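Each remark here refers to the structure printed beneath this line.
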2 protein chains.
Amino acid sequence: MTYKVKAAKHEPVAERESALPSRDQNFDVETDVAVVGGGCAGLSSALFNAWNGEDVILLEKAPELGGTTIKAAFIYWVPNNGPLRDSGGVDSEEDFLKYAARISRPEKYDPNSPTLGQSRLEYDLYKAIYESGWPAVERLHEKGGLRYEHAPNWVDYWASLDEDKVPAGRALVPEGINEDQTDGGKLAIESMSKAAAEAGVDIRTGHRVQRLILDDDNAVVGLVATTVDGQELRVGARKAVVFGSGGFTHDKDLRDNFLAVPAYGGCAARTNEGDFVRIGAAAGAQLRNMQYAWRTPINLHKAVEKDPDMQGTFAVAGDSMICVNYKGERPLNEKLPYNEFVQRMYDWDPLNCDFPNRVLIQVWDQHSQDNSAIDYFGNSIVPDGVDDSHVIKGDTLAELARNVGERLERFRGETGDLTLAPDFLEKLEVSVARWNEMAADEVDKDLGRGSREVELTVFAGPLSDADKETKNPVMHAISDQGPYYASLLIGGTLDTKGGPRINTYAQVVDDRDEPITGLYGVGNCVASASARAYWAGGGTLGPMIAFAYRASQAIAEQPARRPGHSAAAA
Amino acid sequence: MTYKVKAAKHEPVAERESALPSRDQNFDVETDVAVVGGGCAGLSSALFNAWNGEDVILLEKAPELGGTTIKAAFIYWVPNNGPLRDSGGVDSEEDFLKYAARISRPEKYDPNSPTLGQSRLEYDLYKAIYESGWPAVERLHEKGGLRYEHAPNWVDYWASLDEDKVPAGRALVPEGINEDQTDGGKLAIESMSKAAAEAGVDIRTGHRVQRLILDDDNAVVGLVATTVDGQELRVGARKAVVFGSGGFTHDKDLRDNFLAVPAYGGCAARTNEGDFVRIGAAAGAQLRNMQYAWRTPINLHKAVEKDPDMQGTFAVAGDSMICVNYKGERPLNEKLPYNEFVQRMYDWDPLNCDFPNRVLIQVWDQHSQDNSAIDYFGNSIVPDGVDDSHVIKGDTLAELARNVGERLERFRGETGDLTLAPDFLEKLEVSVARWNEMAADEVDKDLGRGSREVELTVFAGPLSDADKETKNPVMHAISDQGPYYASLLIGGTLDTKGGPRINTYAQVVDDRDEPITGLYGVGNCVASASARAYWAGGGTLGPMIAFAYRASQAIAEQPARRPGHSAAAA
């Protein structure tokens, strides 16, 4: 058993092969539970099953464990959690369900409906998160797999809605996280990997799962993986195969053919290429929720370079800062939560057949450069000494505009024929003047920037102490003196949200909603109940842990099959 | 062989069963080519193959032939067609490809790229339409299957773009179509059905195809269908199974989980329930382009009633007419092409977590009632004597608003908790006053209504002769005297555009882009190359005929297999 933990790099992985299932029940190795993926979903699945007494093999495509998780802050959003209750908070199931339903599928939300206007399955999946999120996290904590701290100041992204009765308090972070909360993912992967080794999990990195092995009843009895040097490993699973792998952020063909709004990639692990979309579908799984993603603006420059360390631009920092489109117009509130920011990047112009905001130009002055620079969370504004090759500069707005235009030419392969409008500079000057006029009153009459708590806390970015004391800390006039700075933002994903559909025990279901015997899925590789919503920071990881736990409960109740035989379902 | 032709009704069809393929090669009947679906895609496929000398069985789920086609105007959009050239028009391949690429995936369009910024497959699919559209249509015409007339006045929906070098002239209609061009679909189905019978096609209505039959090499060798009374029919296909069935307009679960913008149903045949999405995927096909649809506003009232004769509200008629949302605000240009109208219905409000335009209230006065009423093309404004149960009335705007509010309450199951804002009436009055102010100058300064040719021709709706002579025929002040009228519009689909991916010969491909031997797909059941675009009126039917023709060419070159044996691919 060899593995090591470090920041994920884009190292070679085995080539993709056909996803069509195998029916040859010859195995190189046998286990009770085979887990696919070495991020939070896979590791927590491995732990819960191993702690239940199962033999577990975990396969990770990359040379190291960590997946997308290792890059994350690792907030985990857990309704009705212990520390919340201990601090006097009340998070009733009814309130939680209403919040989840209201923002996941707002077009169907009806508080008077027995399922709040959602499908029965969606409603039951929300309930499963409420029921199992905290018990799962508690078990991880108590067994030493992942110890938590409360993070009571993380405000839900839709805290401003009436339906959010617990605007803060559902967030946890790994124990011992640093002050900036940047090393949570690394801590969590280290802690869970260590616990997995101690629990006897057989961890095999550098193994890409290619297809499932089915018996004559279409039950999953194993899988086939390959290594980068072409070796094949056939794993028999007496009880279950659990996919805890990633979404399809880095598969352009899948992105272009499923996502509701075009995306140019994202900050998921480079190995998130939609493997389970193909493998699951080929084994008869329904695909669902394929149009939605955990969206975030990303830096065009870094996305084109396929920088494996790229983060989402989660907070568009700066107060003396605005974003404009290729016309020089300011189209959105720059402090929107990242998921909503990207939605507005795909506003449609039905007269010109155009997504005018698909590339946004973040423009700031020396004041923001001096006060809002950090070198993490994908911030465009970086301190001196940090790689700033993505930053475009100009002593005047005119020079900045010229340099932005030149930079855009480099990225034609990504952005099509997008170029600055002939009157871009003139319109940019109008947009800056309008901003400065509104900044004098500290009220963004056009787009409401700074009107909600979440914008002033989670999405403000660093500010000077003086600015923090103003009426609207995220509004500050842009200087009439250079230098000026700019960075190019495009729409991307933390990861996608669609894949094989699961039931409330994370069993993957077929086209008749019947579980495919022996097949489970957890995390970004399967259809998320969250649909269009980004519930809160940690809205990925908390539910993921809940479903990993529920899957292990179902697996524990299932008798082992004898591989090599046509095993009947439990 | 029994079939009859009449307007599609929502008559009972066989229940859906599992889509998992069968491997039992026992057949009740054998043929060369089995065609699924009795609309344009299926009938043209049956004809082309029968004329090539193949034995053909055609299976239709409904009790009658016709599918969505029978409800259509049956414009068919054919680049570089004979009548266009005969009348001196020039439609070069390069121009056609640029127009197709520019609007299908505008976010990737690059005129300097060898594939115009599109994927190689998308580019090749556009080329296939250009190459084969006209030869296919000519063959249908010459063999008497479907005789055409030129419709030189149909303007492309994006005629205003520089990339459209042939703004009109690509449209054909069935010979003998009536003056209002409302009976094209009926004529086409009658003509093609008659020709199919004459060509010896074995037509079996009331047969729902449930799954494919595969051999040991995963080649398609037949299919299983059932009838409404539970009889099973196993059809062996010596050469091919061709799906020419519909999309998933009437499957709420698929709509909710794939479409980029929420849709409430649509005007496709009621039998379009996504059968080939399930059947194809279960046989190993890739699904692609699943987020896009041929979108159209539909009438909320008729959609809820599941009226099988419902049409899309293709032209939102009236000049003294505006659309407002639940706040009373006018959010869009009412004369947008239907596909773009619906896109704007899903503008996102990122501060309130809301699609504020998801139900629009079309409001008109007696002037529009008198001059813009027709009882076809899904018009909200209908003449006296026609069922107007969808129309809401009021002697004053206040009374109208009250009645709109009451009507909305009825539809809560569909629209969630959408109710009129408390100040709806006040805002409606502001919107009407603003409209009237702009109508005095005949310039829609807010949203550009009437600024493009397509808005004044295809999407104007009926107008009085006097209005037609004005500077902006689609702008007219709304009277300060009642009665007033309203109708509720929601976003729907003519049909969806996603499904199994095909190559340029309409062969369905697996997850490695390799053709699945013996499996073809044509029409709305497979992934359309058009992505987000509605190229023009007839953008569905013209390309459909081109691919039916290309599939028959590939099938003709393939040797017949002996069913009952593990047939090798050609």
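Lettering and numbering for the structure tokens are positional, with chains as A, B, ... in the shown order, residues counted from 1 in each chain, and ligands counted from 1 in the shown order.
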
Identify all chain A residues at most 8 Å from chain B by counting only C-alpha atoms; ligands do not count. Present them as a ChimeraX atom specification. /A:17-20,103,106-111,117,161,254,256-262,278,281-286,288-291,336,340-341,343-344,347-348,350-355,358,412-417,511-512

For the residues in that selection, give me N, CA and C atoms as a compact mmCIF listing (two decimals), in the first residue's frame.
```txt
# COMPACT_ATOMS: atom_id res chain seq x y z
N GLU A 17 -10.71 4.16 -21.52
CA GLU A 17 -11.09 3.06 -22.41
C GLU A 17 -12.61 2.98 -22.48
N SER A 18 -13.12 1.98 -23.14
CA SER A 18 -14.57 1.82 -23.25
C SER A 18 -15.20 1.63 -21.87
N ALA A 19 -16.36 2.26 -21.69
CA ALA A 19 -17.09 2.15 -20.42
C ALA A 19 -18.08 1.00 -20.43
N LEU A 20 -18.21 0.31 -21.55
CA LEU A 20 -19.20 -0.79 -21.62
C LEU A 20 -18.85 -1.86 -20.59
N ILE A 103 -34.60 27.31 -2.80
CA ILE A 103 -33.51 27.78 -3.67
C ILE A 103 -33.03 26.72 -4.66
N PRO A 106 -36.51 27.01 -7.46
CA PRO A 106 -37.42 28.10 -7.11
C PRO A 106 -38.65 28.15 -8.01
N GLU A 107 -38.53 27.66 -9.22
CA GLU A 107 -39.66 27.73 -10.15
C GLU A 107 -40.78 26.78 -9.76
N LYS A 108 -40.50 25.84 -8.84
CA LYS A 108 -41.52 24.87 -8.43
C LYS A 108 -41.90 25.02 -6.97
N TYR A 109 -41.18 25.87 -6.25
CA TYR A 109 -41.36 25.94 -4.79
C TYR A 109 -42.77 26.37 -4.42
N ASP A 110 -43.38 25.61 -3.53
CA ASP A 110 -44.70 25.96 -3.02
C ASP A 110 -44.76 25.52 -1.56
N PRO A 111 -44.75 26.48 -0.63
CA PRO A 111 -44.72 26.11 0.79
C PRO A 111 -45.95 25.32 1.23
N GLY A 117 -43.53 21.41 -3.39
CA GLY A 117 -43.50 21.62 -4.84
C GLY A 117 -42.40 20.85 -5.54
N LEU A 161 -33.00 35.47 2.45
CA LEU A 161 -34.36 35.02 2.17
C LEU A 161 -35.12 34.71 3.45
N LEU A 254 -18.63 16.91 -22.61
CA LEU A 254 -19.76 16.79 -21.68
C LEU A 254 -20.25 18.17 -21.25
N ASP A 256 -20.13 20.99 -22.89
CA ASP A 256 -20.84 21.65 -24.00
C ASP A 256 -22.20 21.02 -24.28
N ASN A 257 -22.38 19.79 -23.87
CA ASN A 257 -23.60 19.08 -24.24
C ASN A 257 -24.59 18.88 -23.11
N PHE A 258 -24.22 19.32 -21.91
CA PHE A 258 -25.16 19.16 -20.80
C PHE A 258 -25.38 20.43 -19.99
N LEU A 259 -24.36 21.24 -19.77
CA LEU A 259 -24.53 22.35 -18.82
C LEU A 259 -25.47 23.43 -19.35
N ALA A 260 -26.29 23.95 -18.43
CA ALA A 260 -27.27 24.97 -18.79
C ALA A 260 -26.60 26.23 -19.32
N VAL A 261 -25.50 26.61 -18.71
CA VAL A 261 -24.77 27.77 -19.22
C VAL A 261 -23.37 27.30 -19.61
N PRO A 262 -22.86 27.83 -20.72
CA PRO A 262 -21.54 27.39 -21.17
C PRO A 262 -20.50 27.61 -20.07
N ARG A 278 -20.10 8.19 -17.82
CA ARG A 278 -20.00 7.16 -18.88
C ARG A 278 -20.16 5.75 -18.31
N ALA A 281 -23.81 5.19 -16.88
CA ALA A 281 -24.81 5.12 -17.94
C ALA A 281 -24.69 3.80 -18.70
N ALA A 282 -23.47 3.38 -18.96
CA ALA A 282 -23.27 2.14 -19.72
C ALA A 282 -23.76 0.92 -18.93
N ALA A 283 -23.85 1.05 -17.61
CA ALA A 283 -24.35 -0.06 -16.79
C ALA A 283 -25.85 0.08 -16.52
N GLY A 284 -26.50 1.05 -17.18
CA GLY A 284 -27.96 1.14 -17.08
C GLY A 284 -28.47 2.18 -16.11
N ALA A 285 -27.59 3.03 -15.57
CA ALA A 285 -28.04 4.07 -14.64
C ALA A 285 -28.75 5.20 -15.41
N GLN A 286 -29.76 5.77 -14.81
CA GLN A 286 -30.35 7.04 -15.27
C GLN A 286 -29.36 8.15 -15.01
N ARG A 288 -29.20 12.20 -14.28
CA ARG A 288 -30.13 13.27 -13.89
C ARG A 288 -29.37 14.51 -13.42
N ASN A 289 -30.09 15.63 -13.37
CA ASN A 289 -29.55 16.91 -12.90
C ASN A 289 -28.30 17.33 -13.68
N MET A 290 -28.28 16.96 -14.94
CA MET A 290 -27.06 17.13 -15.73
C MET A 290 -26.82 18.58 -16.14
N GLN A 291 -27.82 19.44 -16.02
CA GLN A 291 -27.62 20.82 -16.48
C GLN A 291 -26.97 21.72 -15.44
N LEU A 336 -21.97 39.30 -5.82
CA LEU A 336 -22.88 38.16 -5.82
C LEU A 336 -22.12 36.90 -5.40
N GLU A 340 -24.14 32.59 -8.43
CA GLU A 340 -25.08 33.54 -9.05
C GLU A 340 -24.36 34.49 -9.98
N PHE A 341 -23.13 34.81 -9.65
CA PHE A 341 -22.29 35.65 -10.50
C PHE A 341 -22.22 35.03 -11.90
N GLN A 343 -24.21 32.82 -13.26
CA GLN A 343 -25.52 32.80 -13.93
C GLN A 343 -25.73 34.10 -14.71
N ARG A 344 -25.34 35.22 -14.11
CA ARG A 344 -25.51 36.51 -14.79
C ARG A 344 -24.51 36.67 -15.94
N ASP A 347 -26.37 35.93 -19.19
CA ASP A 347 -27.53 36.68 -19.66
C ASP A 347 -27.49 36.70 -21.18
N TRP A 348 -28.64 36.55 -21.77
CA TRP A 348 -28.74 36.40 -23.22
C TRP A 348 -29.24 37.69 -23.86
N PRO A 350 -31.11 38.77 -26.90
CA PRO A 350 -31.88 38.11 -27.96
C PRO A 350 -31.96 38.91 -29.25
N LEU A 351 -31.45 40.12 -29.27
CA LEU A 351 -31.42 40.88 -30.52
C LEU A 351 -30.13 40.64 -31.29
N ASN A 352 -29.05 40.38 -30.55
CA ASN A 352 -27.75 40.22 -31.20
C ASN A 352 -27.19 38.80 -31.13
N CYS A 353 -27.97 37.87 -30.59
CA CYS A 353 -27.53 36.47 -30.53
C CYS A 353 -26.18 36.39 -29.84
N ASP A 354 -26.15 36.77 -28.60
CA ASP A 354 -24.89 37.03 -27.94
C ASP A 354 -25.02 36.83 -26.43
N PHE A 355 -23.95 36.32 -25.82
CA PHE A 355 -23.83 36.32 -24.36
C PHE A 355 -22.85 37.46 -24.03
N ARG A 358 -20.02 37.07 -21.19
CA ARG A 358 -19.35 35.78 -21.00
C ARG A 358 -17.89 35.92 -20.65
N ARG A 412 -8.45 33.66 -28.12
CA ARG A 412 -9.46 33.44 -29.14
C ARG A 412 -9.92 31.99 -29.21
N GLY A 413 -8.99 31.07 -29.04
CA GLY A 413 -9.35 29.65 -29.09
C GLY A 413 -10.37 29.28 -28.03
N GLU A 414 -10.42 30.03 -26.95
CA GLU A 414 -11.37 29.75 -25.86
C GLU A 414 -12.64 30.58 -25.98
N THR A 415 -12.50 31.82 -26.39
CA THR A 415 -13.63 32.75 -26.29
C THR A 415 -14.23 33.11 -27.64
N GLY A 416 -13.86 32.36 -28.69
CA GLY A 416 -14.38 32.69 -30.02
C GLY A 416 -13.87 34.04 -30.45
N ASP A 417 -14.70 34.79 -31.11
CA ASP A 417 -14.24 36.04 -31.70
C ASP A 417 -14.49 37.26 -30.81
N ASP A 511 -33.39 2.91 -15.18
CA ASP A 511 -34.41 3.74 -15.83
C ASP A 511 -35.80 3.53 -15.26
N ARG A 512 -35.96 2.51 -14.42
CA ARG A 512 -37.26 2.29 -13.75
C ARG A 512 -37.19 2.71 -12.29
```

Identify, on the basis of only C-alpha atoms, every residue whose closest approach to range 163-170 of chain B does not exceed 6 Å; exclude the query and any residue fewer than 2 positions from it along the same chain; express the result as a PyMOL selection string. chain B and resi 77-79+84+99+152+154-156+159+161

Among range 302-368 of chain A, which residues does DSSP mark as strand (DSSP E) when it is run on the backbone? Keep the chain and numbering as in the structure and answer as a ChimeraX atom specification. /A:321-324,359-365

I need the residues from that last selection saved to file as a compact mmCIF listing (two decimals), in the first residue's frame (with C-alpha atoms), if you can.
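Heads up, here's the output in out.txt:
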```txt
# COMPACT_ATOMS: atom_id res chain seq x y z
CA MET A 321 -13.37 47.97 -8.39
CA ILE A 322 -16.02 47.18 -11.00
CA CYS A 323 -16.55 44.52 -13.63
CA VAL A 324 -17.45 45.49 -17.19
CA VAL A 359 -15.99 37.40 -20.42
CA LEU A 360 -15.91 40.08 -17.71
CA ILE A 361 -13.11 42.51 -17.14
CA GLN A 362 -12.47 43.18 -13.47
CA VAL A 363 -10.97 46.70 -13.22
CA TRP A 364 -9.40 48.17 -10.09
CA ASP A 365 -7.13 51.00 -9.01
```

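CA of Leu59 in chain A sits 21.8 Å away from CA of Pro543 in chain A.
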
For range 471-478 of chain B, please output as a list in words all residues within 7 Å (counting only C-alpha atoms; exclusion window: fewer than 4 positions along the same chain). Asp319, Ser320, Met321, Asp365, Val432, Trp435, Asn436, Ala439, Glu442, Gly450, Leu456, Ala460 and Asp467 of chain B

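The closest residue to Val241 in chain A, picked from A:Asp441, A:Gly312, A:Asp91, A:Val33 and counting only C-alpha atoms, is A:Val33.
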
Could you tell me how far CA of Gly385 in chain A lies from CA of Ile75 in chain A, in Å and to one decimal?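 Distance between the two atoms: 28.6 Å.
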
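One finds CA of Val242 in chain A at 28.0 Å from CA of Glu149 in chain A.
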
Ala398 in chain B surroundings by only C-alpha atoms, 12 Å radius, close-in-sequence under 2 positions cut, as a PyMOL selection string: chain B and resi 393-396+400-405+423-429+481-485

Since we have the selection now, will you write its residues out, keeping N, CA and C atoms, as an mmCIF file, in the first residue's frame?
```cif
data_model
loop_
_atom_site.group_PDB
_atom_site.id
_atom_site.type_symbol
_atom_site.label_atom_id
_atom_site.label_comp_id
_atom_site.auth_asym_id
_atom_site.auth_seq_id
_atom_site.Cartn_x
_atom_site.Cartn_y
_atom_site.Cartn_z
ATOM 1 N N LYS B 393 -60.626 38.595 -18.589
ATOM 2 C CA LYS B 393 -61.181 39.876 -19.033
ATOM 3 C C LYS B 393 -61.391 40.833 -17.869
ATOM 4 N N GLY B 394 -61.484 42.123 -18.209
ATOM 5 C CA GLY B 394 -61.790 43.125 -17.198
ATOM 6 C C GLY B 394 -62.213 44.416 -17.880
ATOM 7 N N ASP B 395 -63.184 45.091 -17.314
ATOM 8 C CA ASP B 395 -63.619 46.352 -17.919
ATOM 9 C C ASP B 395 -62.617 47.461 -17.660
ATOM 10 N N THR B 396 -61.865 47.290 -16.579
ATOM 11 C CA THR B 396 -60.804 48.252 -16.259
ATOM 12 C C THR B 396 -59.527 47.458 -16.014
ATOM 13 N N LEU B 400 -59.147 43.709 -14.456
ATOM 14 C CA LEU B 400 -58.317 42.722 -15.136
ATOM 15 C C LEU B 400 -57.279 42.144 -14.169
ATOM 16 N N ALA B 401 -56.618 43.037 -13.431
ATOM 17 C CA ALA B 401 -55.573 42.590 -12.498
ATOM 18 C C ALA B 401 -56.152 41.647 -11.447
ATOM 19 N N ARG B 402 -57.334 41.996 -10.952
ATOM 20 C CA ARG B 402 -57.983 41.139 -9.965
ATOM 21 C C ARG B 402 -58.236 39.741 -10.550
ATOM 22 N N ASN B 403 -58.735 39.719 -11.751
ATOM 23 C CA ASN B 403 -59.065 38.440 -12.376
ATOM 24 C C ASN B 403 -57.818 37.633 -12.737
ATOM 25 N N VAL B 404 -56.759 38.323 -13.110
ATOM 26 C CA VAL B 404 -55.489 37.627 -13.373
ATOM 27 C C VAL B 404 -54.999 36.954 -12.083
ATOM 28 N N GLY B 405 -55.080 37.695 -10.986
ATOM 29 C CA GLY B 405 -54.650 37.140 -9.704
ATOM 30 C C GLY B 405 -55.431 35.896 -9.332
ATOM 31 N N ASP B 423 -48.200 45.565 -5.473
ATOM 32 C CA ASP B 423 -48.364 46.787 -6.267
ATOM 33 C C ASP B 423 -48.424 46.491 -7.767
ATOM 34 N N PHE B 424 -48.903 45.284 -8.094
ATOM 35 C CA PHE B 424 -48.956 44.891 -9.503
ATOM 36 C C PHE B 424 -49.730 45.896 -10.355
ATOM 37 N N LEU B 425 -50.921 46.278 -9.884
ATOM 38 C CA LEU B 425 -51.776 47.163 -10.693
ATOM 39 C C LEU B 425 -51.091 48.493 -10.955
ATOM 40 N N GLU B 426 -50.513 49.035 -9.912
ATOM 41 C CA GLU B 426 -49.823 50.322 -10.034
ATOM 42 C C GLU B 426 -48.676 50.236 -11.065
ATOM 43 N N LYS B 427 -47.907 49.163 -10.983
ATOM 44 C CA LYS B 427 -46.786 48.984 -11.908
ATOM 45 C C LYS B 427 -47.294 48.691 -13.329
ATOM 46 N N LEU B 428 -48.376 47.967 -13.429
ATOM 47 C CA LEU B 428 -48.958 47.709 -14.754
ATOM 48 C C LEU B 428 -49.356 49.033 -15.405
ATOM 49 N N GLU B 429 -49.954 49.906 -14.599
ATOM 50 C CA GLU B 429 -50.355 51.214 -15.138
ATOM 51 C C GLU B 429 -49.135 52.022 -15.590
ATOM 52 N N GLN B 481 -59.517 53.143 -22.290
ATOM 53 C CA GLN B 481 -60.857 52.608 -22.027
ATOM 54 C C GLN B 481 -60.856 51.098 -22.157
ATOM 55 N N GLY B 482 -61.524 50.397 -21.244
ATOM 56 C CA GLY B 482 -61.695 48.963 -21.373
ATOM 57 C C GLY B 482 -62.667 48.635 -22.492
ATOM 58 N N PRO B 483 -62.963 47.403 -22.746
ATOM 59 C CA PRO B 483 -62.464 46.244 -21.999
ATOM 60 C C PRO B 483 -60.996 45.929 -22.300
ATOM 61 N N TYR B 484 -60.406 45.242 -21.315
ATOM 62 C CA TYR B 484 -59.042 44.739 -21.468
ATOM 63 C C TYR B 484 -59.058 43.210 -21.375
ATOM 64 N N TYR B 485 -58.011 42.641 -21.945
ATOM 65 C CA TYR B 485 -57.901 41.182 -22.022
ATOM 66 C C TYR B 485 -56.503 40.751 -21.578
#
```

Give me every helix (DSSP H, G or I) residue in range 269-382 of chain A, going by DSSP on the backbone, as a ChimeraX atom specification. /A:275-282,300-304,338-345,366-371
